[in-house]
file upload.cif (mmCIF, C-alpha atoms and all ligand atoms)
data_start
loop_
_atom_site.label_atom_id
_atom_site.label_comp_id
_atom_site.auth_asym_id
_atom_site.auth_seq_id
_atom_site.Cartn_x
_atom_site.Cartn_y
_atom_site.Cartn_z
CA MET A 24 0.00 0.00 0.00
CA ILE A 25 1.28 3.48 -0.94
CA PHE A 26 0.23 6.85 0.52
CA ARG A 27 1.12 9.88 -1.57
CA ALA A 28 0.94 13.42 -0.22
CA ALA A 29 2.31 16.01 -2.67
CA ARG A 30 6.11 15.43 -2.72
CA PHE A 31 5.96 12.84 0.09
CA ARG A 32 5.46 9.10 -0.35
CA PHE A 33 5.00 6.44 2.32
CA GLU A 34 5.00 2.73 1.65
CA PHE A 35 3.29 0.22 3.97
CA PRO A 36 4.01 -1.98 5.83
CA ARG A 37 6.24 0.40 7.79
CA PRO A 38 6.36 1.67 11.39
CA THR A 39 3.14 3.45 12.36
CA LEU A 40 3.06 7.07 11.23
CA MET A 41 2.68 9.49 14.13
CA MET A 42 0.71 12.65 13.48
CA GLY A 43 1.40 15.32 16.11
CA ILE A 44 -1.34 17.86 16.81
CA VAL A 45 -0.63 21.60 16.80
CA ASN A 46 -3.61 23.73 17.72
CA VAL A 47 -3.26 27.41 16.89
CA THR A 48 -5.89 29.01 19.02
CA PRO A 49 -5.69 32.31 20.89
CA ASP A 50 -4.32 31.97 24.38
CA SER A 51 -6.64 33.78 26.73
CA PHE A 52 -3.96 33.92 29.42
CA SER A 53 -1.52 35.86 27.30
CA ASP A 54 -1.66 39.27 25.67
CA GLY A 55 1.42 38.49 23.63
CA GLY A 56 -0.59 38.80 20.45
CA GLN A 57 -0.44 36.97 17.20
CA PHE A 58 3.34 36.56 16.82
CA LEU A 59 3.78 34.93 20.18
CA GLU A 60 0.88 32.61 19.43
CA ALA A 61 2.37 31.54 16.09
CA ASP A 62 5.91 31.23 17.49
CA ARG A 63 4.70 29.00 20.25
CA ALA A 64 2.84 26.76 17.81
CA VAL A 65 5.92 26.47 15.57
CA GLU A 66 8.16 25.57 18.52
CA HIS A 67 5.60 22.99 19.62
CA GLY A 68 5.53 21.45 16.12
CA LEU A 69 9.34 21.28 15.90
CA GLN A 70 9.46 19.72 19.35
CA MET A 71 7.05 17.00 18.19
CA VAL A 72 9.22 16.29 15.14
CA ALA A 73 12.21 15.90 17.48
CA GLU A 74 10.11 13.45 19.51
CA GLY A 75 9.36 11.32 16.45
CA ALA A 76 6.30 12.81 14.74
CA ASP A 77 6.10 11.87 11.04
CA ILE A 78 3.39 14.41 10.22
CA ILE A 79 2.35 17.68 11.89
CA ASP A 80 -1.38 18.45 11.86
CA VAL A 81 -2.10 22.17 12.15
CA GLY A 82 -5.58 23.37 13.04
CA GLY A 83 -6.94 26.83 13.83
CA GLU A 84 -10.59 26.06 14.51
CA SER A 85 -11.82 24.06 17.49
CA THR A 86 -14.05 21.16 16.47
CA ARG A 87 -14.92 20.09 19.98
CA PRO A 88 -18.60 19.22 20.38
CA GLY A 89 -20.63 22.43 20.46
CA ALA A 90 -17.68 24.67 19.53
CA GLU A 91 -18.50 27.76 17.47
CA MET A 92 -17.18 28.17 13.95
CA ILE A 93 -14.71 30.97 13.24
CA SER A 94 -14.41 33.06 10.07
CA GLU A 95 -12.21 32.04 7.18
CA ALA A 96 -10.10 35.17 7.65
CA GLU A 97 -9.49 34.40 11.32
CA GLU A 98 -8.65 30.76 10.61
CA LEU A 99 -6.14 31.82 7.93
CA ARG A 100 -4.61 34.44 10.22
CA ARG A 101 -3.98 31.75 12.81
CA ILE A 102 -2.62 28.94 10.64
CA LEU A 103 -0.75 30.45 7.67
CA PRO A 104 2.32 31.79 9.53
CA VAL A 105 2.60 28.49 11.41
CA ILE A 106 2.38 26.35 8.28
CA GLU A 107 4.86 28.56 6.41
CA ALA A 108 7.39 28.35 9.23
CA LEU A 109 6.96 24.61 9.83
CA ALA A 110 7.09 23.74 6.12
CA GLY A 111 10.35 25.68 5.89
CA ARG A 112 11.97 24.22 8.99
CA ALA A 113 10.64 20.65 9.36
CA GLN A 114 11.32 17.81 6.94
CA VAL A 115 7.96 16.12 7.55
CA PRO A 116 4.65 16.73 5.77
CA ILE A 117 2.31 19.30 7.32
CA SER A 118 -1.40 18.60 7.28
CA ILE A 119 -4.13 21.20 7.52
CA ASP A 120 -7.06 20.32 9.77
CA SER A 121 -9.84 22.43 8.29
CA GLN A 122 -13.36 21.98 7.05
CA LYS A 123 -13.04 24.89 4.62
CA PRO A 124 -11.80 24.34 1.05
CA THR A 125 -10.53 27.95 0.82
CA VAL A 126 -8.49 27.54 3.99
CA ALA A 127 -7.12 24.21 2.77
CA ARG A 128 -6.12 25.79 -0.57
CA GLU A 129 -4.18 28.61 1.12
CA ALA A 130 -2.59 26.14 3.52
CA LEU A 131 -1.34 23.99 0.63
CA ARG A 132 0.07 27.13 -1.03
CA ALA A 133 1.87 27.93 2.22
CA GLY A 134 3.54 24.52 2.21
CA ALA A 135 1.09 21.96 3.64
CA SER A 136 0.97 18.57 1.88
CA ILE A 137 -2.08 16.88 3.42
CA ILE A 138 -5.72 17.95 3.72
CA ASN A 139 -7.20 16.60 6.97
CA ASP A 140 -10.87 16.81 6.08
CA ILE A 141 -13.14 16.19 9.05
CA ALA A 142 -16.14 17.29 6.95
CA ALA A 143 -15.98 14.67 4.20
CA ASN A 144 -19.71 14.24 4.87
CA ARG A 145 -20.45 17.52 3.09
CA ALA A 146 -22.45 17.72 -0.12
CA GLY A 147 -20.00 19.80 -2.18
CA THR A 148 -17.01 18.57 -4.17
CA GLU A 149 -14.50 21.47 -3.86
CA MET A 150 -12.29 19.71 -1.33
CA TRP A 151 -11.87 16.67 -3.60
CA GLU A 152 -11.24 18.89 -6.62
CA LEU A 153 -8.54 20.65 -4.62
CA ALA A 154 -6.93 17.31 -3.67
CA ALA A 155 -7.08 16.17 -7.31
CA GLU A 156 -5.56 19.42 -8.59
CA THR A 157 -2.71 19.56 -6.06
CA GLY A 158 -1.91 15.87 -5.47
CA ALA A 159 -2.10 16.53 -1.73
CA GLY A 160 -2.71 13.69 0.69
CA TYR A 161 -6.31 13.50 1.81
CA VAL A 162 -7.63 12.27 5.17
CA LEU A 163 -11.24 11.22 4.64
CA MET A 164 -12.93 11.31 8.04
CA HIS A 165 -16.39 10.14 9.03
CA MET A 166 -18.62 12.45 11.07
CA GLN A 167 -22.35 12.29 11.74
CA GLY A 168 -23.71 15.85 11.73
CA THR A 169 -21.50 18.91 12.31
CA PRO A 170 -19.33 19.87 15.30
CA GLN A 171 -22.22 22.10 16.37
CA THR A 172 -24.83 19.30 16.34
CA MET A 173 -22.97 15.97 16.38
CA HIS A 174 -23.12 15.40 20.14
CA LEU A 175 -26.87 15.89 20.40
CA ALA A 176 -28.28 12.53 19.28
CA PRO A 177 -25.82 10.23 17.47
CA LYS A 178 -27.73 7.29 16.01
CA TYR A 179 -26.68 4.20 14.03
CA ASP A 180 -28.11 0.73 13.47
CA ASP A 181 -24.59 -0.63 12.99
CA VAL A 182 -21.91 2.03 13.38
CA VAL A 183 -19.08 -0.05 11.84
CA ALA A 184 -21.15 -0.99 8.79
CA GLU A 185 -22.36 2.59 8.34
CA VAL A 186 -18.89 4.11 8.60
CA ASP A 187 -17.59 1.53 6.12
CA ALA A 188 -20.44 2.31 3.68
CA PHE A 189 -19.52 5.99 4.05
CA PHE A 190 -15.87 5.21 3.22
CA GLU A 191 -16.89 3.27 0.13
CA ASP A 192 -19.22 6.04 -1.06
CA ARG A 193 -16.76 8.89 -0.43
CA LEU A 194 -13.81 7.00 -1.92
CA GLY A 195 -15.93 6.65 -5.07
CA ARG A 196 -16.93 10.32 -5.08
CA ALA A 197 -13.38 11.52 -4.47
CA GLU A 198 -12.15 9.28 -7.25
CA SER A 199 -14.77 10.60 -9.65
CA CYS A 200 -13.40 14.09 -8.89
CA GLY A 201 -9.92 12.91 -9.94
CA VAL A 202 -8.42 12.00 -6.56
CA SER A 203 -6.20 8.92 -6.75
CA ARG A 204 -6.76 6.21 -4.13
CA GLU A 205 -3.08 6.50 -3.26
CA GLN A 206 -3.76 10.01 -1.90
CA VAL A 207 -6.41 8.83 0.55
CA VAL A 208 -6.24 7.81 4.22
CA LEU A 209 -9.45 6.71 5.99
CA ASP A 210 -10.47 7.79 9.50
CA PRO A 211 -13.59 6.60 11.37
CA GLY A 212 -13.71 9.93 13.25
CA ILE A 213 -13.71 8.81 16.87
CA GLY A 214 -15.89 11.21 18.89
CA PHE A 215 -17.46 12.91 15.88
CA GLY A 216 -21.18 12.19 16.27
CA LYS A 217 -20.63 9.01 18.27
CA THR A 218 -21.63 7.92 21.76
CA VAL A 219 -19.15 6.20 24.07
CA GLN A 220 -20.56 2.85 22.88
CA HIS A 221 -20.21 3.83 19.21
CA ASN A 222 -16.56 4.77 19.78
CA LEU A 223 -15.92 1.42 21.47
CA GLN A 224 -17.67 -0.46 18.67
CA LEU A 225 -15.54 1.33 16.07
CA LEU A 226 -12.33 0.54 17.94
CA ALA A 227 -13.43 -3.08 18.37
CA GLY A 228 -14.31 -3.32 14.67
CA LEU A 229 -11.29 -1.61 13.10
CA LEU A 230 -10.16 -4.72 11.21
CA ARG A 231 -13.34 -4.52 9.18
CA PHE A 232 -12.01 -1.43 7.35
CA ARG A 233 -9.10 -3.40 5.93
CA ILE A 234 -11.25 -4.35 2.93
CA ARG A 235 -10.94 -0.73 1.70
CA GLN A 236 -7.19 -1.34 1.26
CA ARG A 237 -6.29 2.17 2.40
CA PRO A 238 -4.22 3.26 5.41
CA LEU A 239 -6.32 3.87 8.50
CA LEU A 240 -5.82 6.90 10.76
CA LEU A 241 -7.10 6.99 14.30
CA GLY A 242 -7.53 10.05 16.51
CA VAL A 243 -8.37 9.20 20.10
CA SER A 244 -5.99 11.56 21.86
CA ARG A 245 -7.43 12.87 25.15
CA LYS A 246 -10.99 12.53 23.85
CA SER A 247 -13.90 12.80 26.26
CA PHE A 248 -15.12 9.19 25.89
CA ILE A 249 -11.89 8.09 27.60
CA GLY A 250 -12.65 10.33 30.57
CA LYS A 251 -16.24 9.03 30.67
CA LEU A 252 -15.02 5.42 30.78
CA VAL A 253 -12.02 5.57 33.09
CA GLY A 254 -12.31 8.99 34.71
CA GLY A 255 -10.11 12.03 34.77
CA GLU A 256 -9.67 15.46 33.28
CA VAL A 257 -7.97 16.09 29.93
CA HIS A 258 -4.41 15.34 31.11
CA ASP A 259 -5.50 12.19 32.94
CA ARG A 260 -6.75 10.79 29.63
CA VAL A 261 -3.25 10.19 28.25
CA PRO A 262 -2.85 6.56 29.49
CA GLY A 263 -6.29 5.66 28.07
CA SER A 264 -5.38 7.37 24.80
CA ILE A 265 -2.17 5.36 24.55
CA ALA A 266 -4.08 2.14 25.30
CA CYS A 267 -6.49 2.93 22.43
CA SER A 268 -3.57 3.74 20.11
CA VAL A 269 -1.82 0.46 20.92
CA TRP A 270 -5.08 -1.42 20.32
CA ALA A 271 -5.52 0.42 17.02
CA VAL A 272 -2.01 -0.48 15.85
CA LEU A 273 -2.63 -4.15 16.71
CA ASN A 274 -5.89 -3.93 14.76
CA GLY A 275 -4.66 -2.49 11.52
CA ALA A 276 -4.24 1.29 12.00
CA GLN A 277 -1.26 2.80 10.15
CA LEU A 278 -1.45 6.39 11.45
CA ILE A 279 -2.08 7.72 14.96
CA ARG A 280 -3.03 11.34 15.63
CA THR A 281 -1.84 12.45 19.05
CA HIS A 282 -1.10 15.40 21.35
CA ASP A 283 1.43 13.25 23.24
CA VAL A 284 4.00 12.27 20.63
CA ALA A 285 6.91 11.19 22.85
CA ALA A 286 4.88 8.82 25.02
CA THR A 287 2.78 7.45 22.16
CA VAL A 288 5.81 6.80 19.94
CA ARG A 289 7.48 4.78 22.70
CA ALA A 290 4.36 2.73 23.42
CA VAL A 291 3.72 2.02 19.74
CA ARG A 292 7.38 1.20 18.93
CA MET A 293 7.38 -1.27 21.82
CA ILE A 294 4.26 -2.98 20.48
CA GLU A 295 5.77 -3.11 17.00
CA GLU A 296 8.84 -4.92 18.38
CA ILE A 297 6.63 -7.59 19.94
CA GLN A 298 4.47 -7.77 16.83
CA ARG A 299 7.53 -8.38 14.65
CA VAL A 300 8.68 -11.34 16.75
CA SER A 301 5.13 -12.64 17.07
CA GLU A 302 4.73 -12.67 13.28
CA ARG A 303 8.20 -14.15 12.74
CA ASP A 304 7.65 -17.00 15.20
CA ALA A 305 4.04 -17.67 14.28
C1 LIG B 1 -9.65 14.34 14.71
C2 LIG B 1 -9.24 15.25 13.74
C3 LIG B 1 -9.67 12.94 14.39
C4 LIG B 1 -8.83 13.56 12.22
C5 LIG B 1 -9.81 16.32 15.52
C6 LIG B 1 -9.73 16.45 18.97
C7 LIG B 1 -10.75 16.98 18.07
N1 LIG B 1 -8.83 14.87 12.51
N2 LIG B 1 -9.34 16.49 14.26
N3 LIG B 1 -9.25 12.62 13.13
N4 LIG B 1 -9.99 15.03 15.83
N5 LIG B 1 -8.45 13.15 11.01
O1 LIG B 1 -8.56 16.35 18.66
O2 LIG B 1 -10.16 16.12 20.12
O3 LIG B 1 -10.05 12.06 15.17
S1 LIG B 1 -10.13 17.68 16.56
#
call {"tool": "encode", "arguments": {"input": "upload.cif", "output": "structure tokens"}}
result
Amino acid sequence: MIFRAARFRFEFPRPTLMMGIVNVTPDSFSDGGQFLEADRAVEHGLQMVAEGADIIDVGGESTRPGAEMISEAEELRRILPVIEALAGRAQVPISIDSQKPTVAREALRAGASIINDIAANRAGTEMWELAAETGAGYVLMHMQGTPQTMHLAPKYDDVVAEVDAFFEDRLGRAESCGVSREQVVLDPGIGFGKTVQHNLQLLAGLLRFRIRQRPLLLGVSRKSFIGKLVGGEVHDRVPGSIACSVWAVLNGAQLIRTHDVAATVRAVRMIEEIQRVSERDA
């Protein structure tokens, strides 16, 4: 399996790709203004690369349940300087976590190589046309509803089957817009319009998505379902996040999106060592 993202190319099987998360959101405790905010995000991204991140995911808009949307201009103001600086200083691909095709286009111009599209459930085709035109990598994520509504009443008859049907449909639509399968990574969108049970069912059923023959990305990092199951505030969710990531790697995930790169890399590399011997001696 090959994953192409602009000038980058990854061939699987290979060690799990770690995607480090850089959120560029205004810091309410600081009046340092926009330069400080961007500088801090760039330093954070470079630190993650030093810790073993293979991809840096830059986002300027919160997509937590119930979060408000921000304007395109504000989103661009936050992310562009960070992407420009990281693309110039880091050797790894930068992904842009945005629902907006215009923001994604500007981000690619500024040096990003992957579109992380959490709104692949939209009706329009601009995002796929953009991926086709630029050859960027494309993360195709499942979400039921929108970040504003998704937490209200998630409902599925069979969440794994429905997410898989969504993958099949959107892979077809992206392809008909000119996107090559080699550009696409699939993501079940843990926490996006899913109850705790739905998230557990998706994790339990990950192997099912292998039939799509595309790399699978999983984002569980510090998500609220972990706190609901095993307790704790955001920072106490790291052990549970690592447990989910290890499970995901053992069940076919090729990319892990995380806030905690150093700890997650070590846990996943350890599991890969055992997996290698287990497969050799099987
Ligand atoms: C995800 C994401 C995810 C992908 C966020 C958070 C919410 N992109 N962006 N997958 N989650 N592809 O990090 O808690 O799971 S934002």
call {"tool": "residues_near_ligand", "arguments": {"input": "upload.cif", "ligand": "ligand LIG 1 (chain B)", "cutoff": "7 Å", "atoms": "only C-alpha atoms and all ligand atoms", "output": "PyMOL selection string"}}
result
chain A and resi 85-87+120+139-141+162+164+210+212-214+240-246+280
call {"tool": "closest_atom_pairs", "arguments": {"input": "upload.cif", "of": "stretch 90-188 of chain A", "to": "stretch 27-43 of chain A", "cutoff": "12 Å", "atoms": "all atoms listed in the file", "output": "Markdown table"}}
result
| residue | atom | partner | partner_atom | distance |
| --- | --- | --- | --- | --- |
| A:Gln114 | CA | A:Phe31 | CA | 10.0 |
| A:Val115 | CA | A:Phe31 | CA | 8.4 |
| A:Pro116 | CA | A:Phe31 | CA | 7.0 |
| A:Ile117 | CA | A:Met42 | CA | 9.2 |
| A:Ser118 | CA | A:Met42 | CA | 8.8 |
| A:Ile119 | CA | A:Met42 | CA | 11.5 |
| A:Asp120 | CA | A:Met42 | CA | 11.5 |
| A:Leu131 | CA | A:Ala29 | CA | 9.4 |
| A:Arg132 | CA | A:Ala29 | CA | 11.5 |
| A:Gly134 | CA | A:Ala29 | CA | 9.9 |
| A:Ala135 | CA | A:Ala29 | CA | 8.8 |
| A:Ser136 | CA | A:Ala29 | CA | 5.4 |
| A:Ile137 | CA | A:Ala28 | CA | 5.9 |
| A:Ile138 | CA | A:Ala28 | CA | 9.0 |
| A:Asn139 | CA | A:Met42 | CA | 11.0 |
| A:Leu153 | CA | A:Ala29 | CA | 12.0 |
| A:Ala154 | CA | A:Ala29 | CA | 9.4 |
| A:Ala155 | CA | A:Ala29 | CA | 10.5 |
| A:Glu156 | CA | A:Ala29 | CA | 10.4 |
| A:Thr157 | CA | A:Ala29 | CA | 7.0 |
| A:Gly158 | CA | A:Ala29 | CA | 5.1 |
| A:Ala159 | CA | A:Ala29 | CA | 4.5 |
| A:Gly160 | CA | A:Ala28 | CA | 3.8 |
| A:Tyr161 | CA | A:Ala28 | CA | 7.5 |
| A:Val162 | CA | A:Ala28 | CA | 10.2 |
call {"tool": "residues_around", "arguments": {"input": "upload.cif", "residues": "A:Pro238", "least_positions_apart": "5", "cutoff": "9 Å", "atoms": "all atoms listed in the file", "output": "count of residues only"}}
result
13
call {"tool": "closest_residue", "arguments": {"input": "upload.cif", "among": "A:Val284, A:Met173, A:Val257, A:Leu239", "to": "A:Ala76", "atoms": "all atoms listed in the file"}}
result
A:Val284
call {"tool": "residues_around", "arguments": {"input": "upload.cif", "residues": "stretch 185-192 of chain A", "least_positions_apart": "6", "cutoff": "10 Å", "atoms": "all atoms listed in the file", "output": "PyMOL selection string"}}
result
chain A and resi 143-144+163-167+179+198+209-212+225+229+231-235
call {"tool": "write_last_selection", "arguments": {"input": "upload.cif", "atoms": "C-alpha atoms", "output": "short mmCIF file (atom, residue, chain, number, x, y, z; two decimals), in the coordinates of the input"}}
result
data_model
loop_
_atom_site.label_atom_id
_atom_site.label_comp_id
_atom_site.auth_asym_id
_atom_site.auth_seq_id
_atom_site.Cartn_x
_atom_site.Cartn_y
_atom_site.Cartn_z
CA ALA A 143 -15.98 14.67 4.20
CA ASN A 144 -19.71 14.24 4.87
CA LEU A 163 -11.24 11.22 4.64
CA MET A 164 -12.93 11.31 8.04
CA HIS A 165 -16.39 10.14 9.03
CA MET A 166 -18.62 12.45 11.07
CA GLN A 167 -22.35 12.29 11.74
CA TYR A 179 -26.68 4.20 14.03
CA GLU A 198 -12.15 9.28 -7.25
CA LEU A 209 -9.45 6.71 5.99
CA ASP A 210 -10.47 7.79 9.50
CA PRO A 211 -13.59 6.60 11.37
CA GLY A 212 -13.71 9.93 13.25
CA LEU A 225 -15.54 1.33 16.07
CA LEU A 229 -11.29 -1.61 13.10
CA ARG A 231 -13.34 -4.52 9.18
CA PHE A 232 -12.01 -1.43 7.35
CA ARG A 233 -9.10 -3.40 5.93
CA ILE A 234 -11.25 -4.35 2.93
CA ARG A 235 -10.94 -0.73 1.70
#
call {"tool": "atom_distance", "arguments": {"input": "upload.cif", "atom1": "atom CA of A:Pro170", "atom2": "atom CA of A:Glu84"}}
result
10.7 Å
call {"tool": "closest_residue", "arguments": {"input": "upload.cif", "among": "A:Ser247, A:Gln70, A:Gln298, A:Ser121", "to": "A:Val272", "atoms": "only C-alpha atoms"}}
result
A:Gln298
call {"tool": "atom_distance", "arguments": {"input": "upload.cif", "atom1": "atom CA of A:Ile297", "atom2": "atom CA of A:Asn274"}}
result
14.0 Å
call {"tool": "closest_residue", "arguments": {"input": "upload.cif", "among": "A:Leu230, A:Val261, A:Cys200, A:Ala108", "to": "A:Ala184", "atoms": "all atoms listed in the file"}}
result
A:Leu230
call {"tool": "closest_residue", "arguments": {"input": "upload.cif", "among": "A:Arg101, A:Arg260, A:His67, A:His221", "to": "A:Gly83", "atoms": "only C-alpha atoms"}}
result
A:Arg101
call {"tool": "atom_distance", "arguments": {"input": "upload.cif", "atom1": "atom CA of A:Val105", "atom2": "atom CA of A:Arg292"}}
result
28.7 Å
call {"tool": "residues_near_point", "arguments": {"input": "upload.cif", "point": "(-7.7, 2.5, 25.1)", "cutoff": "10 Å", "atoms": "all atoms listed in the file", "output": "ChimeraX atom specification"}}
result
/A:223,226,243-244,249,252-253,260-271
call {"tool": "closest_residue", "arguments": {"input": "upload.cif", "among": "A:Ala130, A:Leu194, A:Ala305, A:Leu273", "to": "A:Met293", "atoms": "all atoms listed in the file"}}
result
A:Leu273
call {"tool": "build_atoms", "arguments": {"input": "upload.cif", "residues": "stretch 275-288 of chain A", "atoms": "N, CA, C and O atoms", "output": "PDB file, keeping the file's coordinate frame"}}
result
ATOM      1  N   GLY A 275      -4.724  -2.918  12.910  1.00  0.00           N
ATOM      2  CA  GLY A 275      -4.660  -2.490  11.520  1.00  0.00           C
ATOM      3  C   GLY A 275      -4.519  -1.004  11.248  1.00  0.00           C
ATOM      4  O   GLY A 275      -4.494  -0.601  10.084  1.00  0.00           O
ATOM      5  N   ALA A 276      -4.424  -0.138  12.278  1.00  0.00           N
ATOM      6  CA  ALA A 276      -4.240   1.290  12.000  1.00  0.00           C
ATOM      7  C   ALA A 276      -2.795   1.557  11.583  1.00  0.00           C
ATOM      8  O   ALA A 276      -1.860   0.945  12.113  1.00  0.00           O
ATOM      9  N   GLN A 277      -2.605   2.448  10.619  1.00  0.00           N
ATOM     10  CA  GLN A 277      -1.260   2.800  10.150  1.00  0.00           C
ATOM     11  C   GLN A 277      -0.829   4.202  10.565  1.00  0.00           C
ATOM     12  O   GLN A 277       0.344   4.554  10.418  1.00  0.00           O
ATOM     13  N   LEU A 278      -1.789   5.029  11.017  1.00  0.00           N
ATOM     14  CA  LEU A 278      -1.450   6.390  11.450  1.00  0.00           C
ATOM     15  C   LEU A 278      -2.182   6.671  12.757  1.00  0.00           C
ATOM     16  O   LEU A 278      -3.347   6.298  12.912  1.00  0.00           O
ATOM     17  N   ILE A 279      -1.493   7.339  13.682  1.00  0.00           N
ATOM     18  CA  ILE A 279      -2.080   7.720  14.960  1.00  0.00           C
ATOM     19  C   ILE A 279      -1.926   9.226  15.139  1.00  0.00           C
ATOM     20  O   ILE A 279      -0.822   9.757  15.015  1.00  0.00           O
ATOM     21  N   ARG A 280      -3.059   9.897  15.405  1.00  0.00           N
ATOM     22  CA  ARG A 280      -3.030  11.340  15.630  1.00  0.00           C
ATOM     23  C   ARG A 280      -3.012  11.589  17.137  1.00  0.00           C
ATOM     24  O   ARG A 280      -3.900  11.138  17.846  1.00  0.00           O
ATOM     25  N   THR A 281      -1.990  12.308  17.599  1.00  0.00           N
ATOM     26  CA  THR A 281      -1.840  12.450  19.050  1.00  0.00           C
ATOM     27  C   THR A 281      -1.290  13.808  19.490  1.00  0.00           C
ATOM     28  O   THR A 281      -0.520  14.444  18.767  1.00  0.00           O
ATOM     29  N   HIS A 282      -1.704  14.222  20.702  1.00  0.00           N
ATOM     30  CA  HIS A 282      -1.100  15.400  21.350  1.00  0.00           C
ATOM     31  C   HIS A 282       0.211  15.002  22.024  1.00  0.00           C
ATOM     32  O   HIS A 282       1.049  15.863  22.286  1.00  0.00           O
ATOM     33  N   ASP A 283       0.329  13.707  22.378  1.00  0.00           N
ATOM     34  CA  ASP A 283       1.430  13.250  23.240  1.00  0.00           C
ATOM     35  C   ASP A 283       2.374  12.372  22.437  1.00  0.00           C
ATOM     36  O   ASP A 283       2.389  11.150  22.578  1.00  0.00           O
ATOM     37  N   VAL A 284       3.177  13.006  21.589  1.00  0.00           N
ATOM     38  CA  VAL A 284       4.000  12.270  20.630  1.00  0.00           C
ATOM     39  C   VAL A 284       5.028  11.389  21.337  1.00  0.00           C
ATOM     40  O   VAL A 284       5.124  10.190  21.061  1.00  0.00           O
ATOM     41  N   ALA A 285       5.807  11.952  22.253  1.00  0.00           N
ATOM     42  CA  ALA A 285       6.910  11.190  22.850  1.00  0.00           C
ATOM     43  C   ALA A 285       6.410   9.900  23.487  1.00  0.00           C
ATOM     44  O   ALA A 285       6.930   8.814  23.222  1.00  0.00           O
ATOM     45  N   ALA A 286       5.386  10.002  24.308  1.00  0.00           N
ATOM     46  CA  ALA A 286       4.880   8.820  25.020  1.00  0.00           C
ATOM     47  C   ALA A 286       4.223   7.839  24.053  1.00  0.00           C
ATOM     48  O   ALA A 286       4.400   6.619  24.170  1.00  0.00           O
ATOM     49  N   THR A 287       3.490   8.342  23.082  1.00  0.00           N
ATOM     50  CA  THR A 287       2.780   7.450  22.160  1.00  0.00           C
ATOM     51  C   THR A 287       3.763   6.729  21.240  1.00  0.00           C
ATOM     52  O   THR A 287       3.608   5.533  20.966  1.00  0.00           O
ATOM     53  N   VAL A 288       4.791   7.440  20.782  1.00  0.00           N
ATOM     54  CA  VAL A 288       5.810   6.800  19.940  1.00  0.00           C
ATOM     55  C   VAL A 288       6.448   5.634  20.701  1.00  0.00           C
ATOM     56  O   VAL A 288       6.583   4.539  20.171  1.00  0.00           O
TER      57      VAL A 288
END
